[in-house]
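upload-v3.pdb, holding PDB, C-alpha atoms and all ligand atoms:
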```pdb
ATOM      1  CA  MET W   1      11.106  -3.162 140.793
ATOM      2  CA  GLU W   2      12.032  -2.469 144.419
ATOM      3  CA  LEU W   3      10.833  -3.981 147.646
ATOM      4  CA  ARG W   4       9.275  -0.827 149.087
ATOM      5  CA  ARG W   5       9.180  -2.046 152.643
ATOM      6  CA  LYS W   6      11.001  -1.385 155.881
ATOM      7  CA  ASP W   7      10.230  -4.864 157.249
ATOM      8  CA  LEU W   8       9.575  -8.448 156.184
ATOM      9  CA  LEU W   9       6.975  -9.774 158.583
ATOM     10  CA  GLY W  10       5.036 -12.412 156.686
ATOM     11  CA  ILE W  11       4.230 -13.956 153.327
ATOM     12  CA  ALA W  12       0.574 -13.017 153.781
ATOM     13  CA  ASP W  13       1.600  -9.346 153.342
ATOM     14  CA  LEU W  14       3.603  -9.891 150.147
ATOM     15  CA  THR W  15       2.297  -9.614 146.611
ATOM     16  CA  ARG W  16       3.053 -12.201 143.950
ATOM     17  CA  GLU W  17       5.392  -9.678 142.328
ATOM     18  CA  GLU W  18       7.299  -9.092 145.562
ATOM     19  CA  ILE W  19       7.759 -12.841 146.065
ATOM     20  CA  ALA W  20       8.996 -13.194 142.473
ATOM     21  CA  LEU W  21      11.387 -10.257 142.988
ATOM     22  CA  ILE W  22      12.931 -11.849 146.087
ATOM     23  CA  LEU W  23      13.263 -15.253 144.391
ATOM     24  CA  ASP W  24      14.849 -13.724 141.274
ATOM     25  CA  ASN W  25      17.366 -11.802 143.372
ATOM     26  CA  ALA W  26      18.135 -14.888 145.473
ATOM     27  CA  ALA W  27      18.797 -16.937 142.326
ATOM     28  CA  ILE W  28      21.372 -14.346 141.211
ATOM     29  CA  LEU W  29      22.979 -13.914 144.661
ATOM     30  CA  LYS W  30      23.353 -17.683 145.103
ATOM     31  CA  GLU W  31      26.417 -17.642 142.865
ATOM     32  CA  ILE W  32      28.374 -15.616 145.435
ATOM     33  CA  SER W  33      28.379 -18.607 147.801
ATOM     34  CA  THR W  34      30.110 -20.752 145.161
ATOM     35  CA  ARG W  35      33.128 -18.414 144.885
ATOM     36  CA  SER W  36      36.398 -19.016 146.689
ATOM     37  CA  ILE W  37      36.064 -15.527 148.210
ATOM     38  CA  LYS W  38      32.407 -15.518 149.249
ATOM     39  CA  LYS W  39      31.947 -11.828 149.875
ATOM     40  CA  VAL W  40      30.735  -8.710 148.077
ATOM     41  CA  PRO W  41      30.885  -5.193 149.533
ATOM     42  CA  THR W  42      27.227  -4.306 148.953
ATOM     43  CA  LEU W  43      26.176  -3.850 152.597
ATOM     44  CA  ARG W  44      29.520  -2.641 153.957
ATOM     45  CA  GLY W  45      28.963  -0.372 156.953
ATOM     46  CA  ARG W  46      25.499  -1.761 157.735
ATOM     47  CA  THR W  47      24.790  -3.477 161.042
ATOM     48  CA  VAL W  48      22.495  -6.470 161.434
ATOM     49  CA  VAL W  49      21.371  -7.636 164.896
ATOM     50  CA  THR W  50      19.927 -11.108 165.459
ATOM     51  CA  LEU W  51      17.683 -11.618 168.466
ATOM     52  CA  PHE W  52      16.531 -15.223 168.874
ATOM     53  CA  TYR W  53      14.240 -16.011 171.816
ATOM     54  CA  GLU W  54      13.847 -19.595 170.545
ATOM     55  CA  PRO W  55      16.501 -22.114 169.487
ATOM     56  CA  SER W  56      17.639 -22.186 165.882
ATOM     57  CA  THR W  57      20.373 -23.769 163.814
ATOM     58  CA  ARG W  58      19.487 -23.097 160.164
ATOM     59  CA  THR W  59      17.746 -19.717 160.338
ATOM     60  CA  ARG W  60      20.150 -17.972 162.661
ATOM     61  CA  MET W  61      23.311 -19.311 161.014
ATOM     62  CA  SER W  62      22.094 -18.579 157.502
ATOM     63  CA  PHE W  63      21.061 -15.007 158.372
ATOM     64  CA  GLU W  64      24.510 -14.422 159.860
ATOM     65  CA  ILE W  65      26.305 -16.040 156.929
ATOM     66  CA  ALA W  66      24.131 -14.126 154.455
ATOM     67  CA  ALA W  67      24.868 -10.797 156.154
ATOM     68  CA  LYS W  68      28.608 -11.521 156.210
ATOM     69  CA  ARG W  69      28.588 -12.474 152.513
ATOM     70  CA  LEU W  70      27.180  -9.005 151.832
ATOM     71  CA  SER W  71      29.844  -7.436 154.129
ATOM     72  CA  ALA W  72      27.363  -6.253 156.784
ATOM     73  CA  ASP W  73      28.495  -6.388 160.409
ATOM     74  CA  THR W  74      26.500  -8.891 162.438
ATOM     75  CA  VAL W  75      25.862  -8.945 166.161
ATOM     76  CA  SER W  76      23.971 -11.718 167.867
ATOM     77  CA  LEU W  77      22.307 -11.298 171.247
ATOM     78  CA  THR W  78      22.257 -14.529 173.242
ATOM     79  CA  VAL W  79      18.904 -14.117 174.945
ATOM     80  CA  ALA W  80      19.662 -16.620 177.732
ATOM     81  CA  ALA W  81      22.675 -14.491 178.723
ATOM     82  CA  SER W  82      20.944 -11.133 178.230
ATOM     83  CA  SER W  83      19.003  -8.826 180.537
ATOM     84  CA  ALA W  84      15.805 -10.516 179.337
ATOM     85  CA  VAL W  85      16.490 -13.066 182.100
ATOM     86  CA  LYS W  86      16.358 -10.183 184.606
ATOM     87  CA  GLY W  87      12.898  -9.335 183.370
ATOM     88  CA  GLU W  88      13.579  -6.733 180.683
ATOM     89  CA  THR W  89      10.645  -6.597 178.301
ATOM     90  CA  LEU W  90      10.887  -7.280 174.588
ATOM     91  CA  ALA W  91      10.015  -3.637 173.841
ATOM     92  CA  ASP W  92      12.752  -2.345 176.154
ATOM     93  CA  THR W  93      15.307  -4.813 174.839
ATOM     94  CA  ALA W  94      14.548  -3.797 171.258
ATOM     95  CA  ALA W  95      14.559  -0.062 172.068
ATOM     96  CA  ASN W  96      17.973  -0.426 173.717
ATOM     97  CA  LEU W  97      19.343  -2.360 170.764
ATOM     98  CA  GLU W  98      17.969   0.269 168.402
ATOM     99  CA  ALA W  99      19.694   2.997 170.415
ATOM    100  CA  MET W 100      22.963   1.437 169.151
ATOM    101  CA  ARG W 101      21.789   2.243 165.602
ATOM    102  CA  PRO W 102      21.570  -1.094 163.835
ATOM    103  CA  ASP W 103      20.091  -1.085 160.323
ATOM    104  CA  LEU W 104      18.185  -4.329 160.671
ATOM    105  CA  LEU W 105      16.848  -6.434 163.532
ATOM    106  CA  ILE W 106      16.118 -10.105 162.897
ATOM    107  CA  ILE W 107      13.879 -11.642 165.528
ATOM    108  CA  ARG W 108      12.573 -15.091 166.380
ATOM    109  CA  HIS W 109      10.089 -15.115 169.235
ATOM    110  CA  GLN W 110       7.653 -17.559 170.777
ATOM    111  CA  ALA W 111       4.827 -14.986 170.682
ATOM    112  CA  SER W 112       2.912 -14.636 167.423
ATOM    113  CA  GLY W 113       3.051 -10.982 166.393
ATOM    114  CA  ALA W 114       6.244 -10.070 168.287
ATOM    115  CA  PRO W 115       8.049  -8.900 165.089
ATOM    116  CA  HIS W 116       4.992  -6.823 164.100
ATOM    117  CA  PHE W 117       4.962  -5.236 167.560
ATOM    118  CA  LEU W 118       8.620  -4.215 167.148
ATOM    119  CA  ALA W 119       8.273  -3.120 163.523
ATOM    120  CA  LYS W 120       5.676  -0.539 164.571
ATOM    121  CA  ARG W 121       7.967   0.871 167.265
ATOM    122  CA  LEU W 122      11.413   0.773 165.672
ATOM    123  CA  LYS W 123      12.884   2.895 162.910
ATOM    124  CA  CYS W 124      15.221   0.107 161.755
ATOM    125  CA  GLY W 125      13.969  -2.711 159.568
ATOM    126  CA  VAL W 126      12.622  -5.871 161.203
ATOM    127  CA  ILE W 127      12.687  -9.372 159.719
ATOM    128  CA  ASN W 128      10.512 -12.080 161.185
ATOM    129  CA  ALA W 129      12.646 -15.208 161.650
ATOM    130  CA  GLY W 130       9.655 -17.136 163.038
ATOM    131  CA  ASP W 131       6.940 -15.895 165.416
ATOM    132  CA  GLY W 132       5.023 -18.403 167.498
ATOM    133  CA  LEU W 133       2.509 -20.322 165.422
ATOM    134  CA  HIS W 134       2.161 -17.471 162.955
ATOM    135  CA  GLU W 135       4.726 -17.100 160.134
ATOM    136  CA  HIS W 136       8.278 -17.940 159.084
ATOM    137  CA  PRO W 137       8.486 -15.957 155.853
ATOM    138  CA  THR W 138      12.118 -16.544 154.871
ATOM    139  CA  GLN W 139      11.592 -20.306 155.270
ATOM    140  CA  ALA W 140       8.718 -20.196 152.762
ATOM    141  CA  LEU W 141      10.813 -18.079 150.384
ATOM    142  CA  LEU W 142      13.700 -20.541 150.483
ATOM    143  CA  ASP W 143      11.239 -23.394 150.013
ATOM    144  CA  MET W 144       9.734 -21.682 146.954
ATOM    145  CA  LEU W 145      13.206 -21.040 145.537
ATOM    146  CA  THR W 146      14.084 -24.721 146.002
ATOM    147  CA  VAL W 147      10.923 -25.856 144.230
ATOM    148  CA  LYS W 148      11.412 -23.337 141.427
ATOM    149  CA  GLU W 149      14.949 -24.594 140.861
ATOM    150  CA  ALA W 150      13.829 -28.227 140.809
ATOM    151  CA  LYS W 151      10.662 -27.798 138.737
ATOM    152  CA  GLY W 152      11.324 -24.635 136.750
ATOM    153  CA  ARG W 153       8.068 -23.089 137.943
ATOM    154  CA  LEU W 154       5.671 -22.776 140.864
ATOM    155  CA  HIS W 155       2.451 -22.362 138.923
ATOM    156  CA  GLY W 156       0.360 -25.509 138.447
ATOM    157  CA  LEU W 157       2.325 -27.737 140.833
ATOM    158  CA  LYS W 158       0.727 -30.085 143.336
ATOM    159  CA  VAL W 159       2.252 -29.440 146.752
ATOM    160  CA  ALA W 160       1.429 -31.733 149.701
ATOM    161  CA  ILE W 161       2.159 -30.439 153.209
ATOM    162  CA  VAL W 162       1.878 -33.185 155.822
ATOM    163  CA  GLY W 163       2.119 -33.349 159.594
ATOM    164  CA  ASP W 164       1.693 -30.966 162.492
ATOM    165  CA  ILE W 165      -0.007 -28.139 160.592
ATOM    166  CA  LEU W 166      -1.521 -26.637 163.758
ATOM    167  CA  HIS W 167       1.804 -25.657 165.330
ATOM    168  CA  SER W 168       3.644 -24.894 162.105
ATOM    169  CA  ARG W 169       4.479 -21.325 161.118
ATOM    170  CA  VAL W 170       6.360 -22.915 158.208
ATOM    171  CA  ALA W 171       3.131 -24.483 156.949
ATOM    172  CA  ARG W 172       1.236 -21.217 157.238
ATOM    173  CA  SER W 173       3.858 -19.188 155.363
ATOM    174  CA  ASN W 174       4.185 -21.866 152.704
ATOM    175  CA  ILE W 175       0.423 -22.092 152.232
ATOM    176  CA  HIS W 176       0.307 -18.324 151.633
ATOM    177  CA  GLY W 177       3.314 -18.455 149.336
ATOM    178  CA  PHE W 178       2.542 -21.472 147.188
ATOM    179  CA  THR W 179      -1.139 -20.594 146.726
ATOM    180  CA  LYS W 180      -0.209 -17.004 145.743
ATOM    181  CA  MET W 181       2.236 -18.349 143.178
ATOM    182  CA  GLY W 182      -0.395 -20.632 141.632
ATOM    183  CA  SER W 183       0.423 -24.031 143.154
ATOM    184  CA  GLU W 184      -2.332 -26.340 144.380
ATOM    185  CA  VAL W 185      -1.724 -27.086 148.064
ATOM    186  CA  THR W 186      -3.092 -30.145 149.865
ATOM    187  CA  VAL W 187      -2.568 -30.659 153.579
ATOM    188  CA  ALA W 188      -2.892 -33.765 155.743
ATOM    189  CA  GLY W 189      -2.349 -34.658 159.371
ATOM    190  CA  PRO W 190      -4.198 -35.968 162.412
ATOM    191  CA  ALA W 191      -7.519 -34.116 162.827
ATOM    192  CA  THR W 192      -6.231 -32.721 166.135
ATOM    193  CA  LEU W 193      -3.281 -31.109 164.308
ATOM    194  CA  LEU W 194      -5.305 -29.406 161.558
ATOM    195  CA  PRO W 195      -6.339 -25.847 162.495
ATOM    196  CA  PRO W 196     -10.008 -24.986 161.980
ATOM    197  CA  TYR W 197      -9.324 -21.996 159.678
ATOM    198  CA  LEU W 198      -7.582 -24.089 156.973
ATOM    199  CA  ASP W 199     -10.510 -23.884 154.565
ATOM    200  CA  THR W 200     -10.141 -20.083 154.495
ATOM    201  CA  LEU W 201      -6.584 -20.414 153.153
ATOM    202  CA  GLY W 202      -7.466 -22.000 149.805
ATOM    203  CA  VAL W 203      -6.018 -25.453 150.482
ATOM    204  CA  LYS W 204      -7.458 -28.939 150.067
ATOM    205  CA  ILE W 205      -7.574 -31.188 153.099
ATOM    206  CA  ALA W 206      -6.779 -34.861 152.453
ATOM    207  CA  PRO W 207      -7.985 -37.510 154.878
ATOM    208  CA  SER W 208      -4.727 -39.475 154.764
ATOM    209  CA  LEU W 209      -1.045 -39.197 153.924
ATOM    210  CA  GLU W 210      -1.610 -41.503 150.941
ATOM    211  CA  GLU W 211      -4.308 -39.262 149.462
ATOM    212  CA  ALA W 212      -2.281 -36.110 150.077
ATOM    213  CA  VAL W 213       0.800 -37.374 148.238
ATOM    214  CA  ALA W 214      -1.066 -38.987 145.311
ATOM    215  CA  GLY W 215       0.162 -37.237 142.152
ATOM    216  CA  ALA W 216       2.222 -34.714 144.135
ATOM    217  CA  ASP W 217       5.143 -32.821 142.571
ATOM    218  CA  VAL W 218       6.336 -31.723 145.999
ATOM    219  CA  ILE W 219       5.953 -33.364 149.413
ATOM    220  CA  MET W 220       6.789 -31.217 152.406
ATOM    221  CA  MET W 221       6.936 -33.060 155.715
ATOM    222  CA  LEU W 222       6.627 -31.139 158.974
ATOM    223  CA  ARG W 223       8.191 -31.783 162.328
ATOM    224  CA  ILE W 224       5.987 -32.852 165.194
ATOM    225  CA  GLN W 225       6.460 -29.903 167.558
ATOM    226  CA  LEU W 226       6.286 -31.693 170.876
ATOM    227  CA  GLU W 227       7.668 -28.613 172.648
ATOM    228  CA  ARG W 228       4.502 -26.666 171.734
ATOM    229  CA  MET W 229       2.111 -29.404 172.857
ATOM    230  CA  GLY W 230       0.804 -29.056 176.397
ATOM    231  CA  GLN W 231      -1.035 -32.336 175.902
ATOM    232  CA  MET W 232      -0.733 -35.204 173.484
ATOM    233  CA  PHE W 233      -2.533 -34.596 170.188
ATOM    234  CA  PHE W 234      -2.200 -38.244 169.119
ATOM    235  CA  SER W 235      -1.926 -41.584 170.931
ATOM    236  CA  THR W 236       1.775 -42.447 170.500
ATOM    237  CA  LEU W 237       4.661 -41.397 168.264
ATOM    238  CA  ARG W 238       4.654 -44.944 166.871
ATOM    239  CA  GLU W 239       0.998 -44.614 165.916
ATOM    240  CA  TYR W 240       1.629 -41.166 164.408
ATOM    241  CA  SER W 241       4.538 -42.478 162.391
ATOM    242  CA  LYS W 242       2.470 -45.401 161.090
ATOM    243  CA  GLN W 243      -0.234 -43.048 159.803
ATOM    244  CA  PHE W 244       1.649 -39.898 158.843
ATOM    245  CA  GLY W 245       5.320 -40.870 158.548
ATOM    246  CA  LEU W 246       6.643 -40.667 154.982
ATOM    247  CA  ALA W 247       8.269 -43.930 153.870
ATOM    248  CA  LEU W 248       9.750 -45.089 150.561
ATOM    249  CA  ARG W 249       6.542 -46.893 149.586
ATOM    250  CA  HIS W 250       4.623 -43.600 149.561
ATOM    251  CA  LEU W 251       6.838 -42.150 146.843
ATOM    252  CA  ASP W 252       5.281 -44.576 144.315
ATOM    253  CA  LEU W 253       1.989 -42.704 144.747
ATOM    254  CA  ALA W 254       3.507 -39.331 143.816
ATOM    255  CA  LYS W 255       4.888 -38.080 140.489
ATOM    256  CA  LYS W 256       8.037 -39.908 139.347
ATOM    257  CA  ASP W 257      10.151 -36.784 139.836
ATOM    258  CA  VAL W 258       8.611 -35.795 143.185
ATOM    259  CA  ILE W 259      10.849 -33.811 145.510
ATOM    260  CA  ILE W 260      10.853 -34.287 149.266
ATOM    261  CA  MET W 261      11.246 -31.307 151.566
ATOM    262  CA  HIS W 262      11.517 -30.760 155.301
ATOM    263  CA  PRO W 263      12.289 -27.432 157.013
ATOM    264  CA  GLY W 264      14.288 -29.163 159.755
ATOM    265  CA  PRO W 265      15.072 -30.142 162.364
ATOM    266  CA  MET W 266      13.834 -33.628 161.442
ATOM    267  CA  ASN W 267      12.514 -36.275 163.780
ATOM    268  CA  ARG W 268      13.991 -39.135 161.779
ATOM    269  CA  GLY W 269      11.831 -42.226 161.953
ATOM    270  CA  VAL W 270       8.788 -40.213 163.113
ATOM    271  CA  GLU W 271       7.523 -37.936 160.313
ATOM    272  CA  ILE W 272      10.098 -39.084 157.741
ATOM    273  CA  SER W 273      12.116 -42.261 157.315
ATOM    274  CA  PRO W 274      15.901 -41.900 157.001
ATOM    275  CA  GLU W 275      15.740 -43.638 153.589
ATOM    276  CA  VAL W 276      13.466 -40.871 152.270
ATOM    277  CA  ALA W 277      15.294 -38.023 154.018
ATOM    278  CA  ASP W 278      18.642 -39.122 152.565
ATOM    279  CA  GLY W 279      17.310 -40.551 149.299
ATOM    280  CA  PRO W 280      17.566 -39.278 145.715
ATOM    281  CA  HIS W 281      14.273 -37.348 145.848
ATOM    282  CA  SER W 282      15.292 -35.350 148.906
ATOM    283  CA  VAL W 283      16.145 -31.647 148.471
ATOM    284  CA  ILE W 284      16.396 -31.022 152.208
ATOM    285  CA  LEU W 285      19.983 -29.785 152.141
ATOM    286  CA  ASP W 286      19.276 -27.729 149.002
ATOM    287  CA  GLN W 287      16.684 -25.920 151.117
ATOM    288  CA  VAL W 288      19.415 -25.055 153.611
ATOM    289  CA  THR W 289      21.772 -23.825 150.864
ATOM    290  CA  ASN W 290      18.980 -21.694 149.444
ATOM    291  CA  GLY W 291      18.321 -20.234 152.887
ATOM    292  CA  VAL W 292      21.544 -18.238 152.600
ATOM    293  CA  ALA W 293      20.674 -16.928 149.122
ATOM    294  CA  VAL W 294      17.124 -15.957 150.084
ATOM    295  CA  ARG W 295      18.277 -14.157 153.232
ATOM    296  CA  MET W 296      20.927 -12.307 151.246
ATOM    297  CA  ALA W 297      18.221 -11.208 148.815
ATOM    298  CA  VAL W 298      15.835 -10.086 151.554
ATOM    299  CA  MET W 299      18.505  -8.088 153.390
ATOM    300  CA  LEU W 300      19.741  -6.515 150.187
ATOM    301  CA  LEU W 301      16.246  -5.557 149.044
ATOM    302  CA  LEU W 302      15.353  -4.110 152.446
ATOM    303  CA  MET W 303      18.622  -2.240 153.004
ATOM    304  CA  GLY W 304      20.498  -2.037 149.728
ATOM    305  CA  ASP W 305      19.158   1.166 148.253
ATOM    306  CA  LYS W 306      18.766   3.090 151.486
ATOM    307  CA  ALA W 307      22.309   4.380 151.944
TER     308      ALA W 307
HETATM  309  N1  LIG W 401      13.777 -24.349 159.575
HETATM  310  C1  LIG W 401      14.144 -23.712 160.696
HETATM  311  O1  LIG W 401      13.569 -22.689 161.071
HETATM  312  O2  LIG W 401      15.179 -24.312 161.356
HETATM  313  P1  LIG W 401      15.846 -23.718 162.685
HETATM  314  O3  LIG W 401      14.814 -23.809 163.770
HETATM  315  O4  LIG W 401      17.050 -24.586 162.938
HETATM  316  O5  LIG W 401      16.208 -22.289 162.400
END
```

Could you quickly redo this structure as structure tokens?
Amino acid sequence: MELRRKDLLGIADLTREEIALILDNAAILKEISTRSIKKVPTLRGRTVVTLFYEPSTRTRMSFEIAAKRLSADTVSLTVAASSAVKGETLADTAANLEAMRPDLLIIRHQASGAPHFLAKRLKCGVINAGDGLHEHPTQALLDMLTVKEAKGRLHGLKVAIVGDILHSRVARSNIHGFTKMGSEVTVAGPATLLPPYLDTLGVKIAPSLEEAVAGADVIMMLRIQLERMGQMFFSTLREYSKQFGLALRHLDLAKKDVIIMHPGPMNRGVEISPEVADGPHSVILDQVTNGVAVRMAVMLLLMGDKA
């Protein structure tokens, strides 16, 4: 089966079969990163442009590493040093980049829908590396790969997603992904950080962290996104941490072999205690490792057979 798409814009658009295809390919491609020479010639001669309007450590680096491991040429536009600061629009910036004939444009933007806007206008493929509050599809794919590796399956698992759901594109993509793949998703967070449309997404809403993690196979903690909050959505960080911060004692409520996830960057001591983040149940760095494999798979499936 092929991924018959020009772009990867969101998990909501993908079928179960497409998600499985990407995860299967990522599992195979992961081996390349364990070799002493971590490179295959598959995408030699292809050009990948990254265009990040928001900060990133994991996503940007892993896209660049993934492209290089497939022998694609990568070019990264530093937005703060680009003509965007002189007022050039996103559409003009993208059109000018496309005039240099890249094969793939990877974009992170603060506006929900920015990658969709470009995908409609550009001939080259577009990958959404996070758009506003909307989606972060490759994050959800790497999260699903990490869970599948740890549990052997996605179907029938209890997945708790806890924290700032309202501002989290990671939560939204993961809700789409895990529910499509047959997991049971429960979310929890302060009422002010739970979006009103949650009940349309097929998730359960737990009234507390304790109830969300009870019997969970997977606990995914989310960062409090203070940079997206124009006003405080809770009284104090201390109060938030007391109610929704994951501590060692909470792990006793979950399954014995529960895994702990966090997309990063973490606010240690706020949504997750250092003992949990660095403890034996944590797969947080496995998520990062799998980010390279998943992004290799996505780029290969989007570009590989279109020579
Ligand atoms: N998980 C994630 O998107 O991290 P970055 O913001 O560092 O890319």

Which residues, named as in the file, does the PyMOL selection byres (((chain W and resi 65) around 10) and not hetatm) pick out? Answer as a PyMOL selection string.
chain W and resi 33+38-39+59-64+66-72+74+291-293+295-296

Hey, could you make a per-residue contact list for chain W against ligand LIG 401 (chain W) with 6 Å as the cut-off, showing the nearest pair of atoms and its distance in Å to one decimal, counting all atoms listed in the file, sorted by chain and number, as a tab-separated table?
```
residue	atom	partner	partner_atom	distance
W:Ser56	CA	W:LIG401	O5	3.8
W:Thr57	CA	W:LIG401	O4	3.5
W:Arg58	CA	W:LIG401	O4	4.0
W:Thr59	CA	W:LIG401	O5	3.6
W:Arg60	CA	W:LIG401	O5	5.9
W:Pro263	CA	W:LIG401	N1	4.3
W:Gly264	CA	W:LIG401	N1	4.8
W:Pro265	CA	W:LIG401	O2	5.9
```

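This file, queried with the PyMOL selection byres (((chain W and resi 178) around 9) and not hetatm), gives the residues W:Ala140, W:Met144, W:Leu154, W:His155, W:Leu157, W:Val159, W:Ser173, W:Asn174, W:Ile175, W:His176, W:Gly177, W:Thr179, W:Lys180, W:Met181, W:Gly182, W:Ser183, W:Glu184, W:Val185.
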
Around (12.2, -11.3, 165.3), as given in the file, which residues come within 6 Å? Count only C-alpha atoms and list them as a PyMOL selection string.
chain W and resi 106-109+115+127-129

Return as a VMD selection string the set of residues that the PyMOL selection byres (((chain W and resi 191) around 10) and not hetatm) yields on the displayed structure.
chain W and resid 164 to 166 188 to 190 192 to 196 207 233 to 234

Can you measure atom CA of W:Val218 to atom CA of W:Pro280 for me? One decimal in Å is fine.
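So the two atoms, atom CA of W:Val218 and atom CA of W:Pro280, lie 13.5 Å apart.
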
Can you take stretch 198-246 of chain W from the block and write C-alpha atoms as a JSON list (two decimals), in the first residue's frame?
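So the final result, stored in decode_39.json, reads:
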```
[["chain", "number", "residue", "atom", "x", "y", "z"],
["W", 198, "LEU", "CA", -14.08, 17.31, 23.47],
["W", 199, "ASP", "CA", -17.22, 15.19, 23.64],
["W", 200, "THR", "CA", -17.38, 15.17, 19.83],
["W", 201, "LEU", "CA", -13.95, 13.51, 19.65],
["W", 202, "GLY", "CA", -14.92, 10.22, 21.31],
["W", 203, "VAL", "CA", -12.96, 10.68, 24.54],
["W", 204, "LYS", "CA", -13.95, 10.31, 28.18],
["W", 205, "ILE", "CA", -13.47, 13.29, 30.46],
["W", 206, "ALA", "CA", -12.25, 12.49, 33.98],
["W", 207, "PRO", "CA", -12.86, 14.95, 36.80],
["W", 208, "SER", "CA", -9.39, 14.49, 38.29],
["W", 209, "LEU", "CA", -5.87, 13.33, 37.50],
["W", 210, "GLU", "CA", -6.39, 10.36, 39.83],
["W", 211, "GLU", "CA", -9.50, 9.18, 37.97],
["W", 212, "ALA", "CA", -7.87, 9.68, 34.57],
["W", 213, "VAL", "CA", -4.83, 7.54, 35.38],
["W", 214, "ALA", "CA", -6.72, 4.76, 37.20],
["W", 215, "GLY", "CA", -6.04, 1.54, 35.27],
["W", 216, "ALA", "CA", -4.17, 3.39, 32.51],
["W", 217, "ASP", "CA", -1.69, 1.61, 30.21],
["W", 218, "VAL", "CA", -0.34, 4.94, 29.00],
["W", 219, "ILE", "CA", -0.18, 8.34, 30.72],
["W", 220, "MET", "CA", 0.63, 11.29, 28.51],
["W", 221, "MET", "CA", 1.34, 14.53, 30.35],
["W", 222, "LEU", "CA", 1.07, 17.85, 28.52],
["W", 223, "ARG", "CA", 3.02, 21.03, 28.98],
["W", 224, "ILE", "CA", 1.26, 24.06, 30.38],
["W", 225, "GLN", "CA", 1.54, 26.44, 27.42],
["W", 226, "LEU", "CA", 1.92, 29.72, 29.25],
["W", 227, "GLU", "CA", 3.03, 31.43, 26.03],
["W", 228, "ARG", "CA", -0.44, 30.85, 24.52],
["W", 229, "MET", "CA", -2.32, 32.12, 27.58],
["W", 230, "GLY", "CA", -3.33, 35.77, 27.45],
["W", 231, "GLN", "CA", -4.74, 35.37, 30.95],
["W", 232, "MET", "CA", -4.28, 32.87, 33.72],
["W", 233, "PHE", "CA", -6.44, 29.76, 33.33],
["W", 234, "PHE", "CA", -5.72, 28.58, 36.88],
["W", 235, "SER", "CA", -4.83, 30.28, 40.17],
["W", 236, "THR", "CA", -1.10, 29.50, 40.52],
["W", 237, "LEU", "CA", 1.39, 27.04, 39.06],
["W", 238, "ARG", "CA", 1.74, 25.57, 42.55],
["W", 239, "GLU", "CA", -2.00, 24.95, 42.72],
["W", 240, "TYR", "CA", -1.99, 23.48, 39.20],
["W", 241, "SER", "CA", 0.87, 21.17, 40.08],
["W", 242, "LYS", "CA", -0.89, 20.00, 43.24],
["W", 243, "GLN", "CA", -4.00, 19.02, 41.27],
["W", 244, "PHE", "CA", -2.66, 17.96, 37.88],
["W", 245, "GLY", "CA", 1.07, 17.31, 38.34],
["W", 246, "LEU", "CA", 2.01, 13.65, 37.92]]
```
